[in-house]
Every structure is written in C-alpha cells, then in structure tokens.
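Engineer: Just one file: my_file-v5.cif, with mmCIF, C-alpha atoms.
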data_model
loop_
_atom_site.label_atom_id
_atom_site.label_comp_id
_atom_site.auth_asym_id
_atom_site.auth_seq_id
_atom_site.Cartn_x
_atom_site.Cartn_y
_atom_site.Cartn_z
CA MET N 20 5.79 14.78 4.00
CA VAL N 21 3.61 13.82 1.04
CA LEU N 22 3.64 10.10 0.19
CA PHE N 23 0.74 9.62 -2.23
CA THR N 24 -0.73 11.52 -5.15
CA ASP N 25 -4.26 10.45 -4.23
CA ARG N 26 -6.19 7.43 -2.93
CA VAL N 27 -5.85 5.61 -6.25
CA ASP N 28 -2.06 5.93 -6.10
CA ALA N 29 -2.08 4.83 -2.45
CA GLY N 30 -4.26 1.83 -3.28
CA ARG N 31 -1.99 0.65 -6.06
CA GLN N 32 1.11 0.95 -3.89
CA LEU N 33 -0.61 -0.87 -1.05
CA ALA N 34 -1.86 -3.62 -3.37
CA ALA N 35 1.73 -4.43 -4.35
CA GLN N 36 2.38 -5.42 -0.71
CA LEU N 37 -0.60 -7.77 -0.64
CA LEU N 38 -0.10 -9.84 -3.77
CA TYR N 39 0.85 -12.87 -1.64
CA LEU N 40 -2.89 -13.18 -0.87
CA ARG N 41 -3.96 -13.69 -4.49
CA GLU N 42 -4.46 -17.46 -4.18
CA GLN N 43 -6.33 -17.27 -0.86
CA ASP N 44 -10.06 -16.99 -0.14
CA VAL N 45 -9.98 -13.23 0.42
CA VAL N 46 -12.63 -10.57 0.89
CA VAL N 47 -11.55 -6.91 0.78
CA LEU N 48 -13.54 -4.51 2.96
CA GLY N 49 -13.16 -0.74 2.57
CA ILE N 50 -13.98 1.62 5.41
CA PRO N 51 -16.25 4.32 3.93
CA ARG N 52 -15.81 6.70 2.60
CA GLY N 53 -12.16 7.41 1.91
CA GLY N 54 -11.01 3.83 2.39
CA VAL N 55 -13.11 2.49 -0.46
CA PRO N 56 -11.12 3.98 -3.41
CA VAL N 57 -7.99 2.50 -1.82
CA ALA N 58 -9.73 -0.85 -1.27
CA PHE N 59 -11.00 -0.86 -4.86
CA GLU N 60 -7.41 -0.94 -6.15
CA VAL N 61 -6.45 -3.66 -3.66
CA ALA N 62 -9.42 -5.84 -4.63
CA ALA N 63 -8.64 -5.39 -8.33
CA ALA N 64 -5.03 -6.49 -7.83
CA LEU N 65 -6.06 -9.54 -5.76
CA GLY N 66 -9.00 -10.50 -7.96
CA ALA N 67 -11.07 -10.45 -4.77
CA PRO N 68 -14.63 -9.34 -3.99
CA LEU N 69 -15.09 -5.87 -2.53
CA ASP N 70 -17.53 -4.73 0.13
CA VAL N 71 -17.71 -2.03 2.78
CA ILE N 72 -17.45 -2.39 6.52
CA VAL N 73 -19.36 0.54 7.93
CA VAL N 74 -18.06 2.18 11.10
CA ARG N 75 -18.58 5.60 12.63
CA LYS N 76 -16.36 7.60 14.89
CA LEU N 77 -17.79 8.79 18.20
CA GLY N 78 -16.53 12.34 18.53
CA VAL N 79 -16.23 14.31 21.75
CA PRO N 80 -19.35 16.55 21.78
CA PHE N 81 -17.46 19.85 21.98
CA GLN N 82 -14.67 18.66 19.62
CA PRO N 83 -16.21 16.20 17.15
CA GLU N 84 -12.93 15.52 15.30
CA PHE N 85 -11.43 14.13 18.52
CA ALA N 86 -12.48 10.46 18.79
CA MET N 87 -13.63 9.03 22.09
CA GLY N 88 -14.58 5.74 20.42
CA ALA N 89 -16.30 4.20 17.45
CA ILE N 90 -19.26 2.01 16.50
CA GLY N 91 -19.74 -0.52 13.73
CA GLU N 92 -22.24 -2.77 12.02
CA GLY N 93 -23.74 -5.53 14.14
CA GLY N 94 -23.90 -3.38 17.26
CA GLU N 95 -20.14 -3.18 17.84
CA GLU N 96 -18.94 -0.33 20.04
CA LEU N 97 -15.54 0.70 21.35
CA LEU N 98 -15.21 3.44 23.94
CA ASP N 99 -11.89 4.92 25.01
CA GLU N 100 -12.50 5.41 28.73
CA SER N 101 -9.30 7.43 29.12
CA VAL N 102 -10.52 10.02 26.59
CA VAL N 103 -13.95 10.10 28.22
CA ALA N 104 -12.37 10.73 31.61
CA LEU N 105 -9.95 13.32 30.26
CA THR N 106 -12.66 15.33 28.50
CA GLY N 107 -15.29 14.98 31.22
CA VAL N 108 -17.95 13.65 28.86
CA THR N 109 -20.94 12.28 30.79
CA ASP N 110 -22.68 8.95 30.24
CA ALA N 111 -25.71 10.81 28.93
CA GLU N 112 -23.57 12.67 26.39
CA VAL N 113 -21.96 9.43 25.27
CA SER N 114 -25.41 7.87 24.78
CA THR N 115 -26.59 10.88 22.78
CA VAL N 116 -23.57 10.79 20.47
CA GLU N 117 -23.84 7.01 20.07
CA ALA N 118 -27.55 7.19 19.17
CA ARG N 119 -26.93 9.91 16.59
CA GLU N 120 -24.00 8.11 15.00
CA ARG N 121 -25.84 4.78 15.01
CA ALA N 122 -28.64 6.40 12.99
CA HIS N 123 -26.06 7.76 10.53
CA LEU N 124 -24.40 4.34 10.32
CA ASN N 125 -27.65 2.52 9.58
CA ALA N 126 -28.60 5.07 6.92
CA ARG N 127 -25.19 4.73 5.25
CA VAL N 128 -25.48 0.96 5.15
CA GLU N 129 -28.80 1.37 3.31
CA ARG N 130 -27.27 3.86 0.85
CA LEU N 131 -24.20 1.81 0.09
CA ARG N 132 -25.84 -1.61 -0.17
CA PRO N 133 -29.24 -0.94 -1.75
CA GLY N 134 -30.66 -4.33 -2.61
CA ARG N 135 -27.28 -6.01 -2.03
CA ASP N 136 -26.53 -8.49 0.75
CA ARG N 137 -23.43 -8.18 2.87
CA LEU N 138 -20.70 -10.52 1.63
CA SER N 139 -20.22 -13.64 3.74
CA LEU N 140 -17.03 -13.57 5.81
CA ASP N 141 -17.39 -17.03 7.35
CA GLY N 142 -14.01 -18.76 7.51
CA ARG N 143 -12.41 -16.31 5.09
CA THR N 144 -9.38 -14.03 5.15
CA VAL N 145 -10.59 -10.45 5.41
CA VAL N 146 -8.47 -7.47 4.39
CA ILE N 147 -9.78 -4.27 5.95
CA VAL N 148 -8.59 -1.17 4.09
CA ASP N 149 -8.68 2.51 4.99
CA ASP N 150 -6.86 5.53 3.51
CA GLY N 151 -4.91 5.98 6.73
CA VAL N 152 -5.08 5.44 10.49
CA ALA N 153 -4.60 8.19 13.05
CA THR N 154 -6.00 7.09 16.44
CA GLY N 155 -7.09 3.62 15.32
CA ALA N 156 -10.53 3.64 16.94
CA THR N 157 -12.52 2.98 13.77
CA ALA N 158 -9.96 0.44 12.52
CA ARG N 159 -10.18 -1.56 15.76
CA VAL N 160 -13.97 -1.60 15.61
CA ALA N 161 -13.85 -2.67 11.96
CA CYS N 162 -11.63 -5.61 12.92
CA ASP N 163 -14.03 -6.57 15.71
CA VAL N 164 -17.00 -6.38 13.33
CA ALA N 165 -15.26 -8.64 10.81
CA ARG N 166 -14.63 -11.26 13.50
CA ARG N 167 -18.23 -11.04 14.70
CA PHE N 168 -19.31 -11.80 11.14
CA GLY N 169 -17.13 -14.93 10.98
CA ALA N 170 -13.73 -13.89 9.55
CA GLU N 171 -11.03 -16.46 10.27
CA THR N 172 -8.10 -14.09 9.63
CA VAL N 173 -8.24 -10.28 9.77
CA ILE N 174 -5.58 -8.16 8.09
CA LEU N 175 -5.59 -4.39 8.44
CA ALA N 176 -4.05 -2.77 5.35
CA VAL N 177 -3.45 0.97 5.20
CA PRO N 178 -1.11 3.24 3.25
CA VAL N 179 -0.11 5.19 6.37
CA ILE N 180 -0.55 4.75 10.12
CA ALA N 181 0.68 6.85 13.03
CA ALA N 182 3.69 5.22 14.65
CA SER N 183 2.20 5.60 18.14
CA THR N 184 -1.03 3.92 17.01
CA LEU N 185 0.83 1.08 15.29
CA ALA N 186 2.64 0.26 18.51
CA GLU N 187 -0.64 -0.18 20.39
CA MET N 188 -2.94 -1.44 17.61
CA THR N 189 -4.99 -4.51 18.49
CA GLY N 190 -7.72 -6.47 16.77
CA ALA N 191 -5.93 -7.54 13.56
CA ASP N 192 -3.88 -10.68 13.01
CA ASP N 193 -1.52 -8.66 10.83
CA ILE N 194 -1.07 -5.02 9.82
CA VAL N 195 0.23 -4.18 6.36
CA TYR N 196 1.29 -0.58 5.85
CA LEU N 197 3.57 1.54 3.70
CA ALA N 198 4.60 4.19 6.21
CA ALA N 199 4.35 4.77 9.96
CA PRO N 200 5.61 8.31 10.56
CA GLU N 201 6.33 9.62 14.04
CA THR N 202 4.96 13.05 13.16
CA PHE N 203 1.29 12.58 12.36
CA TRP N 204 -1.36 15.32 12.51
CA ALA N 205 -3.92 14.04 10.05
CA VAL N 206 -4.18 11.44 7.28
CA GLY N 207 -4.62 14.16 4.66
CA GLN N 208 -1.11 15.53 5.23
CA PHE N 209 0.31 12.50 3.37
CA TYR N 210 -1.71 13.04 0.18
CA THR N 211 -1.36 15.62 -2.57
CA ASP N 212 -5.07 15.29 -3.26
CA PHE N 213 -7.30 14.29 -0.36
CA SER N 214 -10.63 15.35 -1.77
CA ALA N 215 -13.71 14.08 -0.01
CA THR N 216 -15.14 10.80 -1.30
CA THR N 217 -18.92 10.80 -1.73
CA ASP N 218 -21.42 8.03 -1.04
CA ASP N 219 -22.26 8.04 -4.75
CA GLU N 220 -18.61 7.35 -5.61
CA VAL N 221 -18.48 4.54 -3.06
CA ALA N 222 -21.64 2.96 -4.50
CA ARG N 223 -20.23 3.28 -8.03
CA LEU N 224 -16.96 1.58 -7.04
CA LEU N 225 -18.82 -1.26 -5.33
CA ASP N 226 -20.98 -1.75 -8.40
CA THR N 227 -17.95 -1.73 -10.71
CA ALA N 228 -16.11 -4.24 -8.52
CA ASP N 229 -19.16 -6.50 -8.45
CA ARG N 230 -19.56 -6.44 -12.24
CA ARG N 231 -15.85 -7.12 -12.69
CA LEU N 232 -15.99 -10.17 -10.44
CA THR N 233 -19.24 -11.65 -11.73
CA GLY N 234 -18.15 -11.32 -15.35
CA ASP N 235 -20.87 -8.88 -16.41
CA GLU N 236 -18.17 -6.69 -17.94
CA ALA N 237 -16.89 -9.57 -20.04
CA ALA N 238 -20.42 -10.24 -21.31
CA THR N 239 -20.52 -6.82 -22.93
CA ALA N 240 -16.93 -6.80 -24.15
CA PRO N 241 -15.99 -7.16 -27.81
CA PRO N 242 -14.47 -10.44 -29.00
CA ALA N 243 -10.86 -11.14 -28.19
CA GLY N 244 -8.27 -9.91 -30.65
CA PRO N 245 -6.49 -6.65 -31.50
CA GLY N 246 -8.30 -3.76 -29.89
CA SER N 247 -10.52 -5.99 -27.73
CA ALA N 248 -11.48 -5.42 -24.10
CA ALA N 249 -8.58 -7.68 -23.16
CA ASP N 250 -6.08 -5.04 -24.26
CA ALA N 251 -8.07 -1.94 -23.31
CA ASP N 252 -5.76 -0.96 -20.43
CA VAL N 253 -2.47 -0.86 -22.30
CA GLU N 254 0.53 1.12 -23.34
CA VAL N 255 0.24 2.12 -27.01
CA GLU N 256 2.51 3.42 -29.76
CA ILE N 257 1.13 5.86 -32.33
CA SER N 258 2.94 6.66 -35.57
CA VAL N 259 2.59 10.32 -36.56
CA ASP N 260 4.75 12.39 -38.93
CA ASP N 261 7.60 9.87 -39.04
CA VAL N 262 7.82 9.74 -35.25
CA THR N 263 6.37 7.37 -32.67
CA LEU N 264 4.34 8.82 -29.82
CA HIS N 265 3.79 6.82 -26.64
CA GLY N 266 0.58 6.72 -24.65
CA HIS N 267 -1.66 4.80 -22.29
CA LEU N 268 -5.17 3.79 -23.35
CA HIS N 269 -7.79 2.78 -20.79
CA LEU N 270 -11.22 1.83 -22.10
CA PRO N 271 -14.21 0.55 -20.16
CA PRO N 272 -16.24 -2.32 -21.62
CA ALA N 273 -18.33 -1.22 -24.63
CA PRO N 274 -17.18 2.42 -24.41
CA THR N 275 -19.29 5.25 -25.79
CA GLY N 276 -16.95 8.16 -25.02
CA VAL N 277 -13.18 8.59 -24.90
CA VAL N 278 -11.21 11.60 -23.65
CA LEU N 279 -7.79 12.47 -25.11
CA PHE N 280 -5.42 14.33 -22.79
CA ALA N 281 -3.28 17.14 -24.16
CA HIS N 282 -0.75 18.01 -21.46
CA GLY N 283 0.96 21.33 -21.02
CA SER N 284 4.57 22.39 -21.35
CA GLY N 285 6.98 20.52 -19.10
CA SER N 286 4.50 17.69 -18.50
CA SER N 287 3.95 14.21 -19.96
CA ARG N 288 1.59 11.26 -20.00
CA HIS N 289 3.05 10.33 -16.60
CA SER N 290 1.81 13.56 -14.97
CA PRO N 291 0.28 12.64 -11.58
CA ARG N 292 -2.31 15.40 -12.02
CA ASN N 293 -3.49 14.16 -15.40
CA ARG N 294 -3.41 10.53 -14.24
CA TYR N 295 -5.57 11.50 -11.29
CA VAL N 296 -8.09 13.23 -13.55
CA ALA N 297 -8.02 10.27 -15.94
CA ASP N 298 -8.92 7.92 -13.09
CA VAL N 299 -11.85 10.13 -12.10
CA LEU N 300 -13.08 10.19 -15.71
CA TYR N 301 -12.74 6.42 -16.03
CA ARG N 302 -14.83 5.91 -12.91
CA ALA N 303 -17.46 8.12 -14.50
CA GLY N 304 -17.64 5.66 -17.41
CA LEU N 305 -15.29 7.36 -19.87
CA GLY N 306 -12.31 5.93 -21.71
CA THR N 307 -9.06 7.86 -21.53
CA LEU N 308 -5.94 8.22 -23.66
CA LEU N 309 -2.91 9.92 -22.13
CA PHE N 310 -0.07 10.37 -24.59
CA ASP N 311 2.99 12.49 -25.25
CA LEU N 312 2.50 15.12 -27.94
CA LEU N 313 6.24 15.24 -28.60
CA THR N 314 9.11 12.78 -28.55
CA PRO N 315 11.87 13.34 -25.95
CA ARG N 316 14.16 14.66 -28.70
CA GLU N 317 11.52 17.12 -29.88
CA GLU N 318 10.88 18.31 -26.33
CA ALA N 319 14.55 19.26 -26.05
CA ASP N 320 13.78 22.11 -28.46
CA ARG N 321 11.71 24.44 -26.31
CA ALA N 322 10.24 26.07 -29.39
CA ASN N 323 8.29 22.86 -30.08
CA VAL N 324 6.75 22.93 -26.62
CA PHE N 325 5.00 26.20 -27.46
CA ASP N 326 4.26 25.43 -31.10
CA ILE N 327 0.48 25.23 -30.75
CA GLU N 328 -0.06 24.46 -34.42
CA LEU N 329 2.33 21.48 -34.22
CA LEU N 330 0.77 20.22 -30.99
CA GLY N 331 -2.75 20.66 -32.34
CA ALA N 332 -1.90 18.79 -35.53
CA ARG N 333 -0.49 15.93 -33.46
CA LEU N 334 -3.67 15.81 -31.42
CA THR N 335 -5.74 15.67 -34.61
CA ALA N 336 -3.64 12.80 -35.94
CA VAL N 337 -3.95 10.85 -32.69
CA THR N 338 -7.70 11.42 -32.74
CA ARG N 339 -7.85 9.81 -36.17
CA TRP N 340 -5.73 6.91 -34.91
CA LEU N 341 -8.10 6.36 -31.99
CA ALA N 342 -11.22 6.50 -34.15
CA ALA N 343 -9.77 3.76 -36.37
CA ARG N 344 -9.45 1.28 -33.48
CA PRO N 345 -12.19 -1.36 -33.40
CA ASP N 346 -12.73 -0.92 -29.66
CA ALA N 347 -13.23 2.86 -30.00
CA ALA N 348 -15.17 2.93 -33.25
CA GLY N 349 -18.23 5.12 -32.97
CA CYS N 350 -17.20 6.66 -29.66
CA ARG N 351 -17.75 10.34 -29.02
CA ILE N 352 -14.41 12.07 -28.57
CA GLY N 353 -13.58 14.68 -25.96
CA TYR N 354 -10.45 16.66 -25.18
CA PHE N 355 -8.97 17.50 -21.79
CA GLY N 356 -6.17 20.04 -22.01
CA ALA N 357 -3.96 21.70 -19.41
CA SER N 358 -1.91 24.86 -19.87
CA THR N 359 -0.58 24.99 -23.46
CA GLY N 360 -2.21 21.60 -24.05
CA ALA N 361 -5.58 23.31 -23.71
CA ALA N 362 -4.60 25.68 -26.50
CA ALA N 363 -3.66 22.69 -28.67
CA ALA N 364 -7.02 21.06 -27.92
CA LEU N 365 -8.93 24.19 -28.88
CA TRP N 366 -6.80 24.65 -32.00
CA ALA N 367 -7.50 21.06 -33.08
CA ALA N 368 -11.21 21.39 -32.32
CA GLY N 369 -11.33 24.61 -34.35
CA ASP N 370 -10.79 22.65 -37.55
CA PRO N 371 -14.13 22.65 -39.43
CA ALA N 372 -13.62 18.94 -40.14
CA ALA N 373 -13.21 18.09 -36.46
CA HIS N 374 -16.01 16.24 -34.73
CA ILE N 375 -15.22 16.78 -31.08
CA ALA N 376 -18.07 16.30 -28.61
CA ALA N 377 -16.72 18.38 -25.70
CA ILE N 378 -13.61 20.10 -24.37
CA VAL N 379 -12.32 20.83 -20.87
CA SER N 380 -9.46 23.25 -20.25
CA ARG N 381 -7.78 23.16 -16.81
CA GLY N 382 -5.59 26.13 -16.08
CA GLY N 383 -5.38 26.54 -19.84
CA ARG N 384 -4.13 29.17 -22.22
CA PRO N 385 -7.05 29.37 -24.69
CA ASP N 386 -5.68 32.66 -26.00
CA LEU N 387 -2.84 30.72 -27.67
CA ALA N 388 -5.34 28.98 -29.96
CA GLY N 389 -5.38 32.22 -31.94
CA GLU N 390 -7.75 32.52 -34.89
CA ARG N 391 -9.00 28.96 -34.35
CA LEU N 392 -10.64 29.93 -31.04
CA PRO N 393 -13.87 31.43 -32.43
CA ARG N 394 -14.21 28.43 -34.77
CA VAL N 395 -14.54 25.92 -31.93
CA ALA N 396 -17.97 24.30 -32.05
CA ALA N 397 -17.63 21.79 -29.20
CA PRO N 398 -19.12 22.72 -25.80
CA THR N 399 -16.19 24.01 -23.77
CA LEU N 400 -15.60 24.20 -20.03
CA LEU N 401 -12.82 26.50 -18.83
CA ILE N 402 -11.61 25.58 -15.33
CA VAL N 403 -9.32 28.10 -13.68
CA GLY N 404 -7.93 28.49 -10.17
CA GLY N 405 -9.29 31.47 -8.28
CA ALA N 406 -5.76 32.43 -7.21
CA ASP N 407 -4.37 32.11 -10.75
CA LEU N 408 -5.26 35.71 -11.51
CA ALA N 409 -3.38 36.26 -14.78
CA VAL N 410 -4.68 33.07 -16.36
CA LEU N 411 -8.16 33.78 -15.04
CA GLU N 412 -8.22 37.06 -16.96
CA LEU N 413 -6.96 35.34 -20.11
CA ASN N 414 -9.78 32.81 -19.83
CA ARG N 415 -12.36 35.54 -19.32
CA ASP N 416 -11.08 37.23 -22.46
CA ALA N 417 -11.19 33.94 -24.36
CA GLN N 418 -14.74 33.27 -23.20
CA ARG N 419 -15.83 36.47 -24.91
CA VAL N 420 -14.31 35.19 -28.17
CA LEU N 421 -15.78 31.68 -28.02
CA ARG N 422 -18.99 31.25 -30.00
CA CYS N 423 -19.75 27.70 -28.85
CA GLU N 424 -21.60 26.72 -25.71
CA ASN N 425 -19.14 27.43 -22.91
CA ARG N 426 -18.76 28.02 -19.20
CA LEU N 427 -16.05 29.36 -16.93
CA ALA N 428 -15.69 27.49 -13.63
CA VAL N 429 -13.45 29.02 -10.96
CA VAL N 430 -12.05 26.75 -8.23
CA PRO N 431 -11.61 28.94 -5.11
CA GLY N 432 -8.08 29.14 -3.72
CA ALA N 433 -6.44 27.14 -6.50
CA THR N 434 -3.23 28.31 -8.14
CA HIS N 435 -2.07 27.34 -11.63
CA LEU N 436 -1.18 23.70 -10.90
CA PHE N 437 -4.12 23.05 -8.53
CA GLU N 438 -1.72 21.88 -5.82
CA GLU N 439 -3.81 23.12 -2.89
CA PRO N 440 -5.68 20.40 -0.90
CA GLY N 441 -8.95 19.47 -2.56
CA THR N 442 -8.60 21.76 -5.57
CA LEU N 443 -7.49 19.14 -8.07
CA GLY N 444 -10.33 16.90 -6.97
CA ALA N 445 -12.80 19.75 -7.47
CA ALA N 446 -11.44 20.36 -10.98
CA ALA N 447 -11.60 16.65 -11.81
CA ASP N 448 -15.22 16.43 -10.67
CA LEU N 449 -16.15 19.44 -12.81
CA ALA N 450 -14.43 17.86 -15.81
CA ALA N 451 -16.09 14.49 -15.25
CA ASP N 452 -19.57 16.05 -15.05
CA TRP N 453 -19.06 18.08 -18.22
CA LEU N 454 -17.47 15.35 -20.32
CA ALA N 455 -19.82 12.60 -19.15
CA TYR N 456 -22.83 14.73 -20.09
CA TYR N 457 -21.65 15.26 -23.65
CA LEU N 458 -19.92 11.92 -24.30
CA LEU N 459 -22.19 9.43 -22.53
CA PRO N 460 -25.91 8.76 -22.91
CA ARG N 461 -27.60 11.73 -21.27
CA ASP N 462 -29.59 11.38 -18.12
CA THR N 463 -28.59 14.39 -16.03
CA PRO N 464 -27.65 17.97 -16.94
CA PRO N 465 -24.03 19.14 -16.72
CA VAL N 466 -22.77 21.04 -13.69
CA SER N 467 -24.09 24.57 -13.35
#
As structure tokens, what does this structure read like?
Structural biologist:
Amino acid sequence: MVLFTDRVDAGRQLAAQLLYLREQDVVVLGIPRGGVPVAFEVAAALGAPLDVIVVRKLGVPFQPEFAMGAIGEGGEELLDESVVALTGVTDAEVSTVEARERAHLNARVERLRPGRDRLSLDGRTVVIVDDGVATGATARVACDVARRFGAETVILAVPVIAASTLAEMTGADDIVYLAAPETFWAVGQFYTDFSATTDDEVARLLDTADRRLTGDEAATAPPAGPGSAADADVEVEISVDDVTLHGHLHLPPAPTGVVLFAHGSGSSRHSPRNRYVADVLYRAGLGTLLFDLLTPREEADRANVFDIELLGARLTAVTRWLAARPDAAGCRIGYFGASTGAAAALWAAGDPAAHIAAIVSRGGRPDLAGERLPRVAAPTLLIVGGADLAVLELNRDAQRVLRCENRLAVVPGATHLFEEPGTLGAAADLAADWLAYYLLPRDTPPVS
C-alpha cells in the first residue's frame, strides 16, 4: 500500500492537518535524517521555525535494524527491557552500543548545527516530525528530549504510524497522523520514492528554513509587482500558437538558473515523478517550470504526442516566454526531458539560435530528435535505467552521434519509469548535480 510519492508529498499532506497551529508559538523539529524533508514542508505551511531533534536508535548487536531502545540529545536514553531480555543482550553489550551511538549522535549534532544554537523550546508548542514510525522508540525519546528542553506541549506528527505502536505510544500530548495501517513492515513500504536523505540535504533545508524565517530571502528578492518574488511559486498561462498552455513556475529568490521540464507521452505537469525531480532541483538552488506541451484537446490526437517537431517548437516558444519575465531575465536555461519529452528538448536545443546551458534526459528517446541531435551544443546528461535495455541501447547509439559534452549515467535496477525504490531519487540527484554545475555559479565539478 503506497500512500506518498516521496517525503515532500508526505510533508505537504501532513501540513494540511496541522494548520490549526498557525497562530500559536510553534517550533517544528525534524528527526534526522528522513524526518527533516517532511518537517520542512510542515514548518513552511505553519510559518514556524525549523530545527532538528537528534536521536539515535540502539540496535540489537546481531540485528542492528531491530531496536532495543534509543538515545537523544541531552543524555536521554530509553531502553526496552523486554527486547533486551528476549534477545539476551548483556549489560556490557548495551553499554558498547550506547557509547558508539552516542558518539555518532554528538557528531551529527555538530554537522547539522555548525555555528548555530539549538532553538529555545521554553514554554512553546513543539511539533516533532518524522517520515514514519514503526516501533516508536526514537519518537518517544524525541518527545522526552523536547520536554527536557522546556517544551510546554509536545505534538508528534507523522505521515504513517504502525497501528500497534499508535495504541501504545506515550510521551506526546497529541499524535497527528495520516494513516495507521495494521500491516506494517517498514516505513519505506508506504512511499514510492524513499531515497536516503543525506546530512548535506538536512543542513541545506535547515539553512533555507532559517533564511525564509529571518527574511534574508526577501532582502534579495526583486521589488513587488508582476514577476516579483511574491509570485514566483505560481500557476502560469503561456500563449503559444493560438493556444494557452498551463504550467507551474517556482523560482528561488534572485535566481540564476531555471530548468524547463518537457514531459513524455501520456504525462503532464502534474506527473509525480517530474514534481519530485523539480523539488530536488529547487532545493539545489534552481528555478523550475513544469508545463503542458499540448492542450487537452491536442493530446486527444495521439499523433501530436509523438510530433517531436511540434513539441520542440512549443518548448522553444515557452523558453522565449520565460526569458522575457523580469524575474527570470538573465538566467541560464536548462532542459529536463523524459521519454519523448527528452527528444523535444534535444530538438529544441539543436536550433543554432538556442542558448541552452545544459540538458538532462531521463529514460529519454534522444534518437527521435533526428537530424537535430548532432547539432546540440549544450552539455547533455543521459540517464537511463539499467533494466531498461532497449532504451539503454538507443541512448548508447545517440551518445555516439552527439558532438557536445555528454555523459551516459546508468541507474542500476531501474526500469523505464524509475519506479523501483530509490531509483528515482538517484536519477534526481544526478540531474541536480549536472544542472546545478552548468546553471549556477560553479564551485564543484559535476558528477563523474
């Protein structure tokens, strides 16, 4: 039973259940690592500060994934004596595991809060967020830590929690959740994409949340008015060839690079996969524009869906529209294309007048770009699933035709739609590295 596309989707759904807290003195605390992307969305919706509450599971020595307890900041420790007795773990083994995990915990605190003080919780309502709760050990410790640090009210908010754990959960004044299934093996089973969250991503989210709250973003934003930062996360309408195309534009403050998404046949700007990738790119500092290449009436004619010249021309027109916006003026432009959308992106970039900074193709059909393919000048990354054998061969053939800087990246085990656990996240990370290198001020080399 899949409930969420990814942690961003889960966070937005969870935030909708917490809007009653908007007028209260709230602090949102994410449990690293996976809980922080969920907490980021909750904090954004509540207009609340975001911090981490660092806890570590104490795993049984011979089966580390099986929790016998947890530890947290401030010296908190919870030990499940029944698990210890059942597994026969000795006091000495418990002490060894606790010492090791305490060292990891302290090091993570230093990595995630370099030069930043822990937010004060004194007398405040604290919302503790994780991406899901299985046994509840770390969540209980997190609640205890929050109280130790002065929280007046503690709310545990999670997208999914095991029904058996919910029935016995203690430590929180209230538990807000979206689902409590009886059958529960692991949190990841409820997500389409459950890619690992890194410490770097956590630190980046904390920094972004801090800038958003302190107003540093507003200080760098353009003046209010059409195309200002105030309307940089909006639905847009684009007039092209006597039709109106619909899209969603999301720009960071003072953007320097924007990525246009060209989706494949049978998809749209609402595609969960493309929205997931767009969120990853935005967190990397890039603006994104997801839009429909065809109107619903045009899509009804299947010939249009595979008309690469038509799709490429639409992409070119939308690129011109974007470049004319005051808030995107001067930005480097990149393309992200999937399936036939990748062919349209390469076709558009093959125009000698095009000034495209970089292209990423995910599971694309570059062969359909035809004679435009060798004319592409933009650095191009071809991402293909290792199990998508036919498309992989087509991309290898296309790579031999490309004359621009290019690379083929194969995601092991992925099929055409990158539906396998972790594969979409891997593709998104590859795309973010490539596009950020060519569209943002350079400081690190692209992925190799």
Engineer: Within 7 Å of Gly432 of chain N, counting all atoms listed in the file, which residues show up once you throw out same-chain ones fewer than 3 positions away? Write them as a ChimeraX atom specification, please.
Structural biologist: /N:404-406
Engineer: For this structure, which residues satisfy the selection - the PyMOL selection byres ((chain N and resi 72) around 8) - when it is evaluated on the file as given? I want them as a VMD selection string.
Structural biologist: chain N and resid 48 to 51 70 to 71 73 to 74 91 to 92 147 161 164 to 165
Engineer: Evaluate the PyMOL selection byres ((chain N and resi 287-296) around 7) here and jot the selected residues down as a ChimeraX atom specification.
Structural biologist: /N:24,266,282,286,297-300,309-311,447
Engineer: To one decimal in Å, tell me the separation between atom CA of Leu305 of chain N and atom CA of Leu454 of chain N.
Structural biologist: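 Going from atom CA of Leu305 of chain N over to atom CA of Leu454 of chain N covers 8.3 Å.
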Engineer: Here is a test: counting only C-alpha atoms, which residue of N:Leu105, N:Ala367, N:Ala377, N:Ile174 is nearest to Phe355 of chain N?
Structural biologist: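 The answer is N:Ala377, which sits nearest to Phe355 of chain N.
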Engineer: Given the file above and the PyMOL selection byres ((chain N and resi 58) around 9), which residues are selected, and can you give them as JSON, numbers by chain?
Structural biologist: {"N": [30, 34, 47, 48, 49, 50, 54, 55, 56, 57, 59, 60, 61, 62, 63, 69, 70, 146, 147, 148, 149, 150, 176]}
Engineer: Rounded to one decimal, what separation in Å do you get between atom CA of Asp218 of chain N and atom CA of Arg127 of chain N?
Structural biologist: 8.0 Å
Engineer: Using all atoms listed in the file, collect all residues at a distance of at most 12 Å from (-10.4, 15.5, 29.4) as written in the file, then present them as a PyMOL selection string.
Structural biologist: chain N and resi 79-82+85-87+99-109
Engineer: Write the residues of the selection above to a file with C-alpha atoms, as a short mmCIF file (atom, residue, chain, number, x, y, z; two decimals), keeping the file's coordinate frame.
Structural biologist:
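The resulting file, out29.cif, is shown below:
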data_model
loop_
_atom_site.label_atom_id
_atom_site.label_comp_id
_atom_site.auth_asym_id
_atom_site.auth_seq_id
_atom_site.Cartn_x
_atom_site.Cartn_y
_atom_site.Cartn_z
CA VAL N 79 -16.23 14.31 21.75
CA PRO N 80 -19.35 16.55 21.78
CA PHE N 81 -17.46 19.85 21.98
CA GLN N 82 -14.67 18.66 19.62
CA PHE N 85 -11.43 14.13 18.52
CA ALA N 86 -12.48 10.46 18.79
CA MET N 87 -13.63 9.03 22.09
CA ASP N 99 -11.89 4.92 25.01
CA GLU N 100 -12.50 5.41 28.73
CA SER N 101 -9.30 7.43 29.12
CA VAL N 102 -10.52 10.02 26.59
CA VAL N 103 -13.95 10.10 28.22
CA ALA N 104 -12.37 10.73 31.61
CA LEU N 105 -9.95 13.32 30.26
CA THR N 106 -12.66 15.33 28.50
CA GLY N 107 -15.29 14.98 31.22
CA VAL N 108 -17.95 13.65 28.86
CA THR N 109 -20.94 12.28 30.79
#
Engineer: May I ask which of the residues N:Ile90, N:Val420, N:Val179, N:Leu98 is the closest one to Cys162 of chain N, counting all atoms listed in the file?
Structural biologist: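 Under the stated criterion, the closest residue is N:Ile90.
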Engineer: If I take atom CA of Gly389 of chain N and atom CA of Leu449 of chain N, how far is one from the other in Å, to one decimal?
Structural biologist: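 Atom CA of Leu449 of chain N lies 25.4 Å from atom CA of Gly389 of chain N.
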Engineer: List the spatial neighbours of Val152 of chain N as a list in words - criterion: any atom at most 7 Å away, all atoms listed in the file, same-chain residues fewer than 4 positions off excluded.
Structural biologist: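 The contact residues come out as Val179, Ile180, Ala181 and Val206 of chain N.
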